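Enquirer: What follows is work.txt, compact mmCIF, N, CA and C atoms.
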# COMPACT_ATOMS: atom_id res chain seq x y z
N ARG W 22 0.83 -1.18 0.00
CA ARG W 22 0.00 0.00 0.00
C ARG W 22 0.87 1.24 0.00
N GLN W 23 0.38 2.25 -0.64
CA GLN W 23 1.09 3.51 -0.63
C GLN W 23 0.56 4.37 0.52
N PHE W 24 1.47 5.15 1.09
CA PHE W 24 1.14 6.00 2.23
C PHE W 24 1.64 7.40 1.95
N ASP W 25 1.03 8.37 2.60
CA ASP W 25 1.52 9.75 2.59
C ASP W 25 1.90 10.12 4.02
N PHE W 26 3.08 10.64 4.15
CA PHE W 26 3.54 11.22 5.39
C PHE W 26 4.06 12.60 5.04
N VAL W 27 3.92 13.54 5.93
CA VAL W 27 4.38 14.90 5.66
C VAL W 27 5.24 15.34 6.84
N TYR W 28 6.35 15.96 6.51
CA TYR W 28 7.27 16.48 7.52
C TYR W 28 6.66 17.73 8.14
N LEU W 29 6.67 17.82 9.45
CA LEU W 29 6.03 18.92 10.17
C LEU W 29 6.53 20.28 9.71
N GLU W 30 7.82 20.41 9.43
CA GLU W 30 8.35 21.70 8.98
C GLU W 30 7.75 22.14 7.65
N ASP W 31 7.25 21.20 6.85
CA ASP W 31 6.59 21.55 5.60
C ASP W 31 5.15 21.99 5.83
N VAL W 32 4.57 21.61 6.95
CA VAL W 32 3.18 21.95 7.27
C VAL W 32 3.08 23.32 7.94
N LEU W 33 4.05 23.67 8.75
CA LEU W 33 3.97 24.90 9.55
C LEU W 33 3.68 26.16 8.72
N PRO W 34 4.27 26.35 7.54
CA PRO W 34 3.93 27.56 6.76
C PRO W 34 2.44 27.64 6.40
N MET W 35 1.77 26.50 6.29
CA MET W 35 0.34 26.54 5.99
C MET W 35 -0.45 27.15 7.15
N PHE W 36 0.01 26.97 8.38
CA PHE W 36 -0.64 27.61 9.52
C PHE W 36 -0.54 29.12 9.38
N ASP W 37 0.63 29.61 9.02
CA ASP W 37 0.80 31.05 8.82
C ASP W 37 -0.12 31.56 7.71
N ILE W 38 -0.21 30.82 6.63
CA ILE W 38 -1.08 31.20 5.51
C ILE W 38 -2.54 31.26 5.97
N ALA W 39 -2.95 30.27 6.76
CA ALA W 39 -4.33 30.24 7.26
C ALA W 39 -4.60 31.38 8.23
N ILE W 40 -3.67 31.62 9.15
CA ILE W 40 -3.85 32.68 10.15
C ILE W 40 -3.92 34.04 9.47
N GLU W 41 -3.13 34.23 8.42
CA GLU W 41 -3.13 35.50 7.69
C GLU W 41 -4.35 35.64 6.78
N GLY W 42 -5.17 34.60 6.69
CA GLY W 42 -6.38 34.65 5.87
C GLY W 42 -6.13 34.51 4.38
N ASN W 43 -5.04 33.85 4.01
CA ASN W 43 -4.68 33.73 2.59
C ASN W 43 -4.94 32.35 2.01
N LEU W 44 -5.80 31.57 2.62
CA LEU W 44 -6.14 30.26 2.06
C LEU W 44 -6.97 30.44 0.79
N ARG W 45 -6.66 29.67 -0.22
CA ARG W 45 -7.40 29.72 -1.48
C ARG W 45 -8.41 28.58 -1.61
N HIS W 46 -8.35 27.64 -0.67
CA HIS W 46 -9.22 26.46 -0.70
C HIS W 46 -9.78 26.20 0.70
N LYS W 47 -10.98 25.63 0.76
CA LYS W 47 -11.55 25.23 2.04
C LYS W 47 -10.82 24.03 2.62
N CYS W 48 -10.36 23.17 1.74
CA CYS W 48 -9.71 21.92 2.16
C CYS W 48 -8.43 21.73 1.33
N VAL W 49 -7.33 21.41 2.00
CA VAL W 49 -6.06 21.19 1.33
C VAL W 49 -5.45 19.90 1.86
N ASN W 50 -5.17 18.94 0.98
CA ASN W 50 -4.46 17.73 1.38
C ASN W 50 -2.98 18.07 1.48
N LEU W 51 -2.42 17.97 2.67
CA LEU W 51 -1.01 18.26 2.85
C LEU W 51 -0.23 16.97 2.61
N VAL W 52 0.02 16.71 1.34
CA VAL W 52 0.75 15.51 0.91
C VAL W 52 1.71 15.90 -0.19
N TYR W 53 2.75 15.11 -0.35
CA TYR W 53 3.72 15.35 -1.41
C TYR W 53 3.24 14.74 -2.72
N PRO W 54 3.76 15.21 -3.85
CA PRO W 54 3.33 14.65 -5.13
C PRO W 54 3.84 13.23 -5.34
N GLU W 55 4.99 12.90 -4.76
CA GLU W 55 5.54 11.55 -4.92
C GLU W 55 4.82 10.61 -3.96
N LYS W 56 4.50 9.44 -4.45
CA LYS W 56 3.83 8.43 -3.63
C LYS W 56 4.79 7.25 -3.45
N TYR W 57 4.84 6.69 -2.24
CA TYR W 57 5.75 5.60 -1.94
C TYR W 57 5.00 4.47 -1.25
N TYR W 58 5.47 3.27 -1.48
CA TYR W 58 4.98 2.13 -0.72
C TYR W 58 5.68 2.16 0.64
N MET W 59 5.00 1.69 1.66
CA MET W 59 5.60 1.67 2.99
C MET W 59 6.92 0.92 2.96
N SER W 60 6.99 -0.16 2.22
CA SER W 60 8.24 -0.93 2.13
C SER W 60 9.37 -0.09 1.54
N GLU W 61 9.07 0.76 0.57
CA GLU W 61 10.08 1.64 -0.01
C GLU W 61 10.60 2.64 1.03
N LEU W 62 9.68 3.18 1.82
CA LEU W 62 10.07 4.15 2.84
C LEU W 62 10.93 3.51 3.92
N VAL W 63 10.56 2.31 4.33
CA VAL W 63 11.35 1.61 5.34
C VAL W 63 12.75 1.32 4.81
N LYS W 64 12.84 0.83 3.59
CA LYS W 64 14.15 0.54 3.00
C LYS W 64 14.99 1.81 2.88
N TYR W 65 14.37 2.88 2.44
CA TYR W 65 15.09 4.15 2.29
C TYR W 65 15.58 4.64 3.66
N PHE W 66 14.71 4.60 4.65
CA PHE W 66 15.07 5.04 5.99
C PHE W 66 16.25 4.23 6.52
N CYS W 67 16.20 2.93 6.31
CA CYS W 67 17.30 2.06 6.76
C CYS W 67 18.60 2.40 6.03
N GLU W 68 18.51 2.68 4.74
CA GLU W 68 19.70 3.02 3.97
C GLU W 68 20.35 4.30 4.47
N VAL W 69 19.57 5.36 4.65
CA VAL W 69 20.15 6.65 5.02
C VAL W 69 20.65 6.66 6.47
N HIS W 70 20.19 5.70 7.28
CA HIS W 70 20.61 5.66 8.68
C HIS W 70 21.47 4.44 8.99
N ASN W 71 21.93 3.75 7.95
CA ASN W 71 22.79 2.57 8.12
C ASN W 71 22.19 1.53 9.07
N LEU W 72 20.93 1.24 8.88
CA LEU W 72 20.24 0.23 9.68
C LEU W 72 20.11 -1.05 8.87
N ASP W 73 19.88 -2.15 9.56
CA ASP W 73 19.68 -3.44 8.88
C ASP W 73 18.50 -3.32 7.93
N ARG W 74 18.74 -3.64 6.65
CA ARG W 74 17.69 -3.48 5.64
C ARG W 74 16.84 -4.72 5.46
N GLU W 75 16.93 -5.68 6.34
CA GLU W 75 16.10 -6.88 6.25
C GLU W 75 14.68 -6.51 6.65
N VAL W 76 13.80 -6.47 5.68
CA VAL W 76 12.43 -6.02 5.91
C VAL W 76 11.46 -7.10 5.43
N ILE W 77 10.47 -7.36 6.23
CA ILE W 77 9.42 -8.29 5.83
C ILE W 77 8.27 -7.47 5.28
N VAL W 78 7.87 -7.76 4.05
CA VAL W 78 6.78 -7.03 3.41
C VAL W 78 5.63 -7.98 3.22
N LYS W 79 4.47 -7.57 3.68
CA LYS W 79 3.27 -8.39 3.55
C LYS W 79 2.22 -7.59 2.82
N SER W 80 1.78 -8.08 1.69
CA SER W 80 0.78 -7.38 0.90
C SER W 80 -0.61 -7.77 1.39
N VAL W 81 -1.46 -6.77 1.59
CA VAL W 81 -2.82 -7.02 2.07
C VAL W 81 -3.89 -6.40 1.19
N GLY W 82 -3.54 -6.01 0.00
CA GLY W 82 -4.53 -5.43 -0.89
C GLY W 82 -3.96 -4.31 -1.71
N ASP W 83 -4.85 -3.66 -2.46
CA ASP W 83 -4.37 -2.62 -3.36
C ASP W 83 -4.87 -1.22 -3.02
N LYS W 84 -5.49 -1.05 -1.86
CA LYS W 84 -5.95 0.28 -1.47
C LYS W 84 -4.77 1.10 -0.97
N ASN W 85 -4.71 2.34 -1.41
CA ASN W 85 -3.64 3.24 -1.00
C ASN W 85 -4.18 4.26 -0.02
N TYR W 86 -3.29 4.77 0.82
CA TYR W 86 -3.65 5.79 1.81
C TYR W 86 -2.93 7.07 1.44
N THR W 87 -3.36 7.67 0.36
CA THR W 87 -2.70 8.87 -0.13
C THR W 87 -3.75 9.93 -0.46
N GLY W 88 -3.28 11.15 -0.62
CA GLY W 88 -4.15 12.25 -0.98
C GLY W 88 -3.67 12.91 -2.25
N ALA W 89 -4.42 13.89 -2.72
CA ALA W 89 -4.06 14.64 -3.92
C ALA W 89 -3.25 15.86 -3.53
N TRP W 90 -2.17 16.10 -4.22
CA TRP W 90 -1.20 17.15 -3.91
C TRP W 90 -1.57 18.49 -4.52
N ASN W 91 -2.43 18.53 -5.50
CA ASN W 91 -2.62 19.71 -6.34
C ASN W 91 -2.98 20.99 -5.57
N ARG W 92 -3.79 20.94 -4.54
CA ARG W 92 -4.16 22.17 -3.83
C ARG W 92 -3.01 22.71 -3.00
N TRP W 93 -2.25 21.82 -2.39
CA TRP W 93 -1.08 22.29 -1.61
C TRP W 93 -0.04 22.89 -2.54
N ALA W 94 0.03 22.39 -3.75
CA ALA W 94 0.98 22.92 -4.73
C ALA W 94 0.66 24.38 -5.09
N ASP W 95 -0.58 24.79 -4.90
CA ASP W 95 -0.97 26.18 -5.18
C ASP W 95 -0.28 27.18 -4.27
N TYR W 96 0.21 26.73 -3.12
CA TYR W 96 0.88 27.61 -2.16
C TYR W 96 2.38 27.50 -2.39
N ASP W 97 2.94 28.58 -2.90
CA ASP W 97 4.33 28.56 -3.34
C ASP W 97 5.28 28.89 -2.20
N TYR W 98 5.78 27.84 -1.57
CA TYR W 98 6.86 27.99 -0.59
C TYR W 98 7.69 26.72 -0.63
N PRO W 99 8.96 26.79 -0.28
CA PRO W 99 9.82 25.61 -0.37
C PRO W 99 9.43 24.55 0.65
N ARG W 100 9.49 23.31 0.22
CA ARG W 100 9.19 22.18 1.10
C ARG W 100 10.43 21.30 1.22
N ILE W 101 10.59 20.70 2.36
CA ILE W 101 11.72 19.83 2.60
C ILE W 101 11.53 18.51 1.86
N GLY W 102 10.35 17.98 1.89
CA GLY W 102 10.04 16.73 1.20
C GLY W 102 10.28 15.51 2.09
N LEU W 103 9.65 14.43 1.72
CA LEU W 103 9.66 13.23 2.56
C LEU W 103 11.04 12.59 2.67
N LYS W 104 11.75 12.48 1.56
CA LYS W 104 13.05 11.81 1.62
C LYS W 104 14.04 12.59 2.48
N GLU W 105 14.07 13.90 2.33
CA GLU W 105 14.96 14.71 3.17
C GLU W 105 14.52 14.64 4.63
N ALA W 106 13.22 14.61 4.87
CA ALA W 106 12.71 14.50 6.24
C ALA W 106 13.16 13.19 6.88
N LEU W 107 13.14 12.11 6.12
CA LEU W 107 13.59 10.82 6.65
C LEU W 107 15.07 10.85 6.99
N LYS W 108 15.83 11.61 6.25
CA LYS W 108 17.27 11.75 6.56
C LYS W 108 17.45 12.50 7.87
N ARG W 109 16.61 13.48 8.13
CA ARG W 109 16.74 14.31 9.33
C ARG W 109 16.21 13.63 10.58
N TYR W 110 15.31 12.69 10.41
CA TYR W 110 14.64 12.07 11.55
C TYR W 110 15.59 11.24 12.37
Would you write the structure of this file as structure tokens?
Expert:
Amino acid sequence: RQFDFVYLEDVLPMFDIAIEGNLRHKCVNLVYPEKYYMSELVKYFCEVHNLDREVIVKSVGDKNYTGAWNRWADYDYPRIGLKEALKRY
């Protein structure tokens, strides 16, 4: 399954935008445009942190837990992104 995770530092500017009254949408999915399988994220996290990459992956269906990025993309500010966030964690 694919998952969306967002780094908190990428979300904080949206609070400022909302407080300042500059939201252009009633609802914004705070997700990145790239979608990853949980197994990919675990492997990547292990690689960047030199952890044992032996991972057991169990498939349980084809439903993904992701959102649409397009509305968040309307707000032009730099984002750290998921892969960089995993390096920092």
Enquirer: Identify, on the basis of only C-alpha atoms, every residue whose closest approach to range 61-73 of chain W does not exceed 7 Å; exclude the query and any residue fewer than 4 positions from it along the same chain; express the result as a list in words.
Expert: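 Returned residues: Tyr57, Leu107 and Lys108 of chain W.
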Enquirer: Take atom C of Tyr98 in chain W and CA of Pro34 in chain W and report the distance between them in Å, one decimal.
Expert: 8.3 Å
Enquirer: When distances are computed from all atoms listed in the file, which of W:Lys104, W:Trp90, W:Asp95, W:Arg22 shows the smallest separation from Asn50 in chain W?
Expert: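 Of the candidates, the smallest distance to Asn50 in chain W is held by W:Trp90.
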Enquirer: Could you check the closest approach to Ser60 in chain W for each of W:Leu44, W:Gln23, W:Arg109, W:Asn91 and tell me which residue wins, using all atoms listed in the file?
Expert: W:Gln23
Enquirer: Looking at only C-alpha atoms, which of W:Asp37, W:Asp25, W:Glu105, W:Asp97 is the one that sits closest to Lys56 in chain W?
Expert: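 Comparing W:Asp37, W:Asp25, W:Glu105, W:Asp97 against Lys56 in chain W, the winner is W:Asp25.
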Enquirer: Quick check for you: according to DSSP on this backbone, which residues of chain W are classed as strand (DSSP E)? Reply as a ChimeraX atom specification.
Expert: /W:23-24,57-58
Enquirer: Distance CA of Ala94 in chain W-CA of Tyr110 in chain W, one decimal place?
Expert: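 Interatomic distance, CA of Ala94 in chain W to CA of Tyr110 in chain W: 23.9 Å.
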Enquirer: Hey, what does DSSP flag as alpha helix (DSSP H) within chain W? Can you give it to me as number ranges by chain?
Expert: W: 29-40, 59-69, 91-94, 103-109
Enquirer: How many Å lie between atom N of Cys48 in chain W and CA of Arg92 in chain W, rounded to one decimal?
Expert: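 Distance reported for this atom pair: 8.4 Å.
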